[in-house]
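This report refers to the structure that appears directly beneath it.
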2 protein chains.
Amino acid sequence: MAKPNGAKPMYKLIAQDLRAALEEGRFSEDERLPTEAELRTHYGVSRHTIRQAFQDLVSEGLIYRLPGQGTFVTGLSRRGHYLRSVGTIEDLMAWSGTEMRVISPVEIHSDQRAASRLNLPSEEVAVVAVSRFYEGVPFVVTYIYLPPEIGRHLQVNSLPNESSKTVIGLLEQSLSSPITDAEQCITVTTAPADVAKLIDCAADEPVMYVERCYFDSVGTPVELAISYYNPKRYSYRLRLRRNLS
Amino acid sequence: MAKPNGAKPMYKLIAQDLRAALEEGRFSEDERLPTEAELRTHYGVSRHTIRQAFQDLVSEGLIYRLPGQGTFVTGLSRRGHYLRSVGTIEDLMAWSGTEMRVISPVEIHSDQRAASRLNLPSEEVAVVAVSRFYEGVPFVVTYIYLPPEIGRHLQVNSLPNESSKTVIGLLEQSLSSPITDAEQCITVTTAPADVAKLIDCAADEPVMYVERCYFDSVGTPVELAISYYNPKRYSYRLRLRRNLS
DNA sequence: AAGTGGTCTAGACCACCAT
DNA sequence: TGGTGGTCTAGACCACTTC
């Protein structure tokens with residue numbers, strides 16, 4: 001059988017099916033999912049293929065498996081009941097429930113620091129500033145730096161206002177190589193005056209400062225995002241998991 | 001063959017071998033590792049077993065694999081050149097290069113908020129306060145809350161001063177079920193007076209505030225750690241990875 | 001053409017949990 | 001005892017890169 005030409009591998013499709021079922025809440029909290037044997041006959045594939053699909057979901061934290069017992073849905077009580085839980089790169093790429101607004105469109109600037117972070121040959125970088133709203137209230141301003149050639153591809157049209165998308169999410173679709181790494185640095189700073197105004201802070205009030213750098217699969221940095229969060233309206237939430245050894 | 005009674009599975013042992021080789025720097029940056037075929041003959045196991053071992057290392061971010069080319073070491077330039085990079089639960093459990101100092105030993109207190117976070121039946125919790133030093137300079141104070149019965153097991157003896165260990169790292173050895181989840185919440189606050197003194201801040205100066213809750217494999221919270229970081233001396237560094245799809 | 005990793009099959013034995 | 005997931009084998013074809 002192997003891989004049908006050009007198509008997604010079977011185990012990815014099965015994982016996708018199960019992920020959709022989980023997101024629709026078709027299984028209740030801590031309910032047992034179908035066993036490997038059941039899914040094997042349902043899809044007509046080998047056990048290994050089913051296990052590959054399950055493995056994807058385990059590493060995403062959606063399910064857990066207990067030897068001798070079965071496969072279970074990770075209880076919602078253990079997933080985020082906060083504004084946002086960032087535990088995977090996928091989380092960084094979509095941010096449902098909030099709207100994005102472009103403050104200043106894509107422009108080419110000269111910025112030595114950003115250019116060097118992006119490993120660019122010159123000091124030229126594309127910059128775009130956006131803010132993000134939750135229930136109509138702004139809570140973050142982000143300055144996004146891109147290699148100039150990528151910035152030029154990113155037309156104003158492809159940056160819809162009032163979107164729940166993220167720039168990095170839009171960006172990845174036009175990249176040849178997928179995003180596989182994100183490096184983040186979180187600290188505290190005081191809000192510059194223009195930023196303070198945009199997130200309803202007093203100037204020089206402490207804010208949360210986040211630098212995020214995204215890398216594609218060959219290690220090339222493709223986006224540097226610098227964000228200022230109003231700490232009264234946002235806290236950075238993160239969950240880490242590991243597999244049982 | 002299957003699993004030898006009571007022993008670690010073969011693929012874990014192979015992963016361990018490779019991990020040790022990588023940590024010793026036996027392969028240089030972006031050097032090609034042995035192929036599956038080579039390792040298969042070296043260890044005398046099937047290809048699948050080798051792939052399982054590689055998969056562990058990929059998910060830890062130590063190596064990456066390119067179809068048609070080979071398996072490579074993740075360049076050090078893409079791992080942390082900062083004080084600490086926290087991307088996995090393992091990172092949280094060990095903190096080399098810093099020393100821990102106990103500020104106040106394990107005591108049983110009454111704390112409704114911590115007790116409820118730990119799902120405890122009463123308001124009783126065990127509390128211990130520690131600070132951490134980097135090159136002799138303190139940069140964080142942490143209040144650690146534990147279920148009382150776990151706190152009582154944690155003798156003063158088992159909390160050595162001047163250690164590079166972490167409390168959660170020590171703790172896991174005495175738990176029946178391993179730690180598999182950590183939930184963190186990061187925001188900004190002002191330092192309480194006693195905390196400020198311990199991390200060389202002025203009182204009411206903004207500090208980074210981190211709440212961390214650890215869960216074992218059945219979802220029981222086992223530790224709540226509340227930390228105040230001096231932002232001049234520490235920034236929270238994090239890297240996220242994902243597998244190629 | 002040869003070699004790499006990616007996917008897949010059809011088996012097998014094991015430890016563990018429930019009945 | 002029968003079913004679960006965990007580990008493992010010995011094959012196979014595929015797409016891709018390098019030579």
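By order in the structure tokens, chains are A, B, ...; within a chain, residues start at 1; ligands start at 1, following the order shown.
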Review point. Tell me, which residues of stretch 3-233 of chain B carry DSSP helix (DSSP H, G or I), written as a ChimeraX atom specification?
Key: /B:10-23,36-43,47-59,76-78,89-93,112-117,148-153,156-158,167-172,193-198
For the contact check between chain B and chain C, emit one row per residue of chain B within 6 Å, containing the shortest atom pair and the distance in Å rounded to one decimal, counting only C-alpha atoms (C1' of nucleotides), chain then rising number order, as CSV.
```
residue,atom,partner,partner_atom,distance
B:Ala2,CA,C:DC13,C1',5.8
B:Pro67,CA,C:DG5,C1',4.4
B:Gly68,CA,C:DT4,C1',3.9
B:Gln69,CA,C:DT4,C1',5.1
B:Gly70,CA,C:DT4,C1',5.8
```
Practice item. Could you list, as JSON, numbers by chain, the residues of chain D having an atom within 8 Å of chain B when counting only C-alpha atoms (C1' of nucleotides)? Key: {"D": [7, 8, 9, 10, 16, 17]}
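Candidate residues B:Leu224, B:Ile144, B:Val195, B:Ile179 were compared for distance to chain A, and the nearest is B:Ile179, using only C-alpha atoms.
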Practice item. Give the strand (DSSP E) residues of stretch 8-237 of chain B, as assigned by DSSP on the backbone, as a VMD selection string. Key: chain B and resid 63 to 66 70 to 73 98 to 110 124 to 134 137 to 146 179 to 190 206 to 216 221 to 229 236 to 237
Would you put the residues from that selection into a file with C-alpha atoms, as a short mmCIF file (atom, residue, chain, number, x, y, z; two decimals), in the first residue's frame?
```cif
data_model
loop_
_atom_site.label_atom_id
_atom_site.label_comp_id
_atom_site.auth_asym_id
_atom_site.auth_seq_id
_atom_site.Cartn_x
_atom_site.Cartn_y
_atom_site.Cartn_z
CA ILE B 63 18.12 15.88 16.14
CA TYR B 64 16.22 16.44 12.91
CA ARG B 65 15.74 14.16 9.95
CA LEU B 66 15.59 14.98 6.27
CA GLY B 70 19.95 11.66 6.74
CA THR B 71 19.75 12.45 10.43
CA PHE B 72 21.48 15.51 11.83
CA VAL B 73 22.35 17.11 15.14
CA THR B 98 22.57 27.69 39.68
CA GLU B 99 22.41 27.00 43.40
CA MET B 100 19.35 26.60 45.52
CA ARG B 101 19.10 27.94 49.05
CA VAL B 102 16.31 27.11 51.48
CA ILE B 103 14.87 30.26 53.04
CA SER B 104 12.35 28.61 55.28
CA PRO B 105 12.07 24.84 55.77
CA VAL B 106 9.03 22.70 55.14
CA GLU B 107 6.17 23.71 57.41
CA ILE B 108 2.49 22.97 57.50
CA HIS B 109 0.40 26.09 56.99
CA SER B 110 -3.21 26.88 56.37
CA GLU B 124 -3.62 22.44 55.16
CA VAL B 125 -0.61 22.60 52.88
CA ALA B 126 3.12 22.12 53.28
CA VAL B 127 5.13 25.20 52.35
CA VAL B 128 8.81 25.69 51.70
CA ALA B 129 10.53 28.82 50.41
CA VAL B 130 13.71 28.72 48.38
CA SER B 131 15.81 31.16 46.46
CA ARG B 132 18.14 30.49 43.59
CA PHE B 133 21.51 32.00 42.77
CA TYR B 134 23.45 32.39 39.58
CA VAL B 137 23.67 36.52 42.84
CA PRO B 138 20.06 35.78 43.80
CA PHE B 139 17.48 36.18 41.06
CA VAL B 140 14.37 34.34 42.16
CA VAL B 141 12.35 33.45 45.23
CA THR B 142 9.93 30.54 45.05
CA TYR B 143 7.21 29.47 47.44
CA ILE B 144 6.47 25.79 47.00
CA TYR B 145 3.17 24.30 48.16
CA LEU B 146 2.74 20.56 48.54
CA ILE B 179 5.13 13.98 36.54
CA THR B 180 3.71 14.33 33.05
CA ASP B 181 2.17 17.81 32.94
CA ALA B 182 3.13 21.27 34.04
CA GLU B 183 0.89 24.27 33.76
CA GLN B 184 2.36 27.72 33.98
CA CYS B 185 1.03 31.21 34.17
CA ILE B 186 3.35 34.15 33.69
CA THR B 187 2.54 37.77 34.42
CA VAL B 188 3.85 40.92 36.01
CA THR B 189 3.36 42.07 39.57
CA THR B 190 5.09 44.24 42.13
CA PRO B 206 7.80 45.30 38.91
CA VAL B 207 8.89 41.67 38.88
CA MET B 208 8.03 38.66 36.82
CA TYR B 209 5.51 36.41 38.52
CA VAL B 210 5.27 32.73 37.58
CA GLU B 211 2.80 30.21 38.88
CA ARG B 212 3.62 26.62 38.05
CA CYS B 213 1.50 23.61 38.82
CA TYR B 214 2.78 20.10 38.27
CA PHE B 215 0.53 17.09 37.63
CA ASP B 216 1.27 13.40 37.76
CA PRO B 221 -1.70 18.13 41.14
CA VAL B 222 1.42 17.44 43.21
CA GLU B 223 3.14 20.79 43.51
CA LEU B 224 2.29 24.45 43.19
CA ALA B 225 5.27 26.77 42.84
CA ILE B 226 4.95 30.53 42.96
CA SER B 227 8.05 32.42 41.87
CA TYR B 228 9.13 36.05 41.81
CA TYR B 229 11.95 36.77 39.36
CA TYR B 236 11.90 33.42 30.83
CA ARG B 237 13.12 31.62 27.80
#
```
**Study point:** Residue neighbourhood B:Cys201, 8 Å, only C-alpha atoms (C1' of nucleotides), exclusion window fewer than 4 positions, as an MDAnalysis selection string
**Key:** chainID B and resid 191 196:197 205 230
**Study point:** For B:Phe27: contacts at 10 Å, only C-alpha atoms (C1' of nucleotides), fewer than 5 positions along chain excluded, given as a list in words
**Key:** Leu18, Ala21, Leu22, Arg32, Leu33, Phe72 and Val73 of chain B
Just the selected residues (N, CA and C atoms), exported as an mmCIF file, in the first residue's frame, please.
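Contents of out.cif, as written:
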```cif
data_model
loop_
_atom_site.group_PDB
_atom_site.id
_atom_site.type_symbol
_atom_site.label_atom_id
_atom_site.label_comp_id
_atom_site.auth_asym_id
_atom_site.auth_seq_id
_atom_site.Cartn_x
_atom_site.Cartn_y
_atom_site.Cartn_z
ATOM 1 N N LEU B 18 22.390 7.291 22.241
ATOM 2 C CA LEU B 18 22.567 8.375 21.286
ATOM 3 C C LEU B 18 22.550 9.720 21.999
ATOM 4 N N ALA B 21 25.804 10.326 23.547
ATOM 5 C CA ALA B 21 26.803 10.665 22.523
ATOM 6 C C ALA B 21 26.640 12.118 22.093
ATOM 7 N N LEU B 22 25.398 12.548 21.954
ATOM 8 C CA LEU B 22 25.149 13.921 21.533
ATOM 9 C C LEU B 22 25.612 14.901 22.604
ATOM 10 N N ARG B 32 26.131 14.521 10.134
ATOM 11 C CA ARG B 32 25.181 13.451 9.909
ATOM 12 C C ARG B 32 25.393 12.324 10.890
ATOM 13 N N LEU B 33 24.327 11.859 11.498
ATOM 14 C CA LEU B 33 24.421 10.733 12.423
ATOM 15 C C LEU B 33 24.419 9.427 11.635
ATOM 16 N N PHE B 72 20.481 14.512 11.477
ATOM 17 C CA PHE B 72 21.483 15.509 11.828
ATOM 18 C C PHE B 72 21.298 16.027 13.248
ATOM 19 N N VAL B 73 22.393 16.497 13.818
ATOM 20 C CA VAL B 73 22.352 17.107 15.138
ATOM 21 C C VAL B 73 21.744 18.501 15.023
#
```
Point to revise | Of the listed residues A:Arg117, A:Arg152, A:Arg239, A:Lys12, that which approaches chain B most closely, counting only C-alpha atoms | key: A:Arg239
Review point. Expressed in Å to a single decimal, how great is the separation between atom CA of A:Ser177 and atom CA of A:Trp95?
Key: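 Pair atom CA of A:Ser177 / atom CA of A:Trp95 returns 22.0 Å.
Note that the spacing between atom CA of A:Leu238 and atom CA of A:Asp56 amounts to 19.5 Å.
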Point to revise | Counting only C-alpha atoms, the residue of B:Gln112, B:Leu175, B:Thr74, B:Arg19 that sits nearest chain A | key: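 Of the candidates, the smallest distance to chain A is held by B:Thr74.
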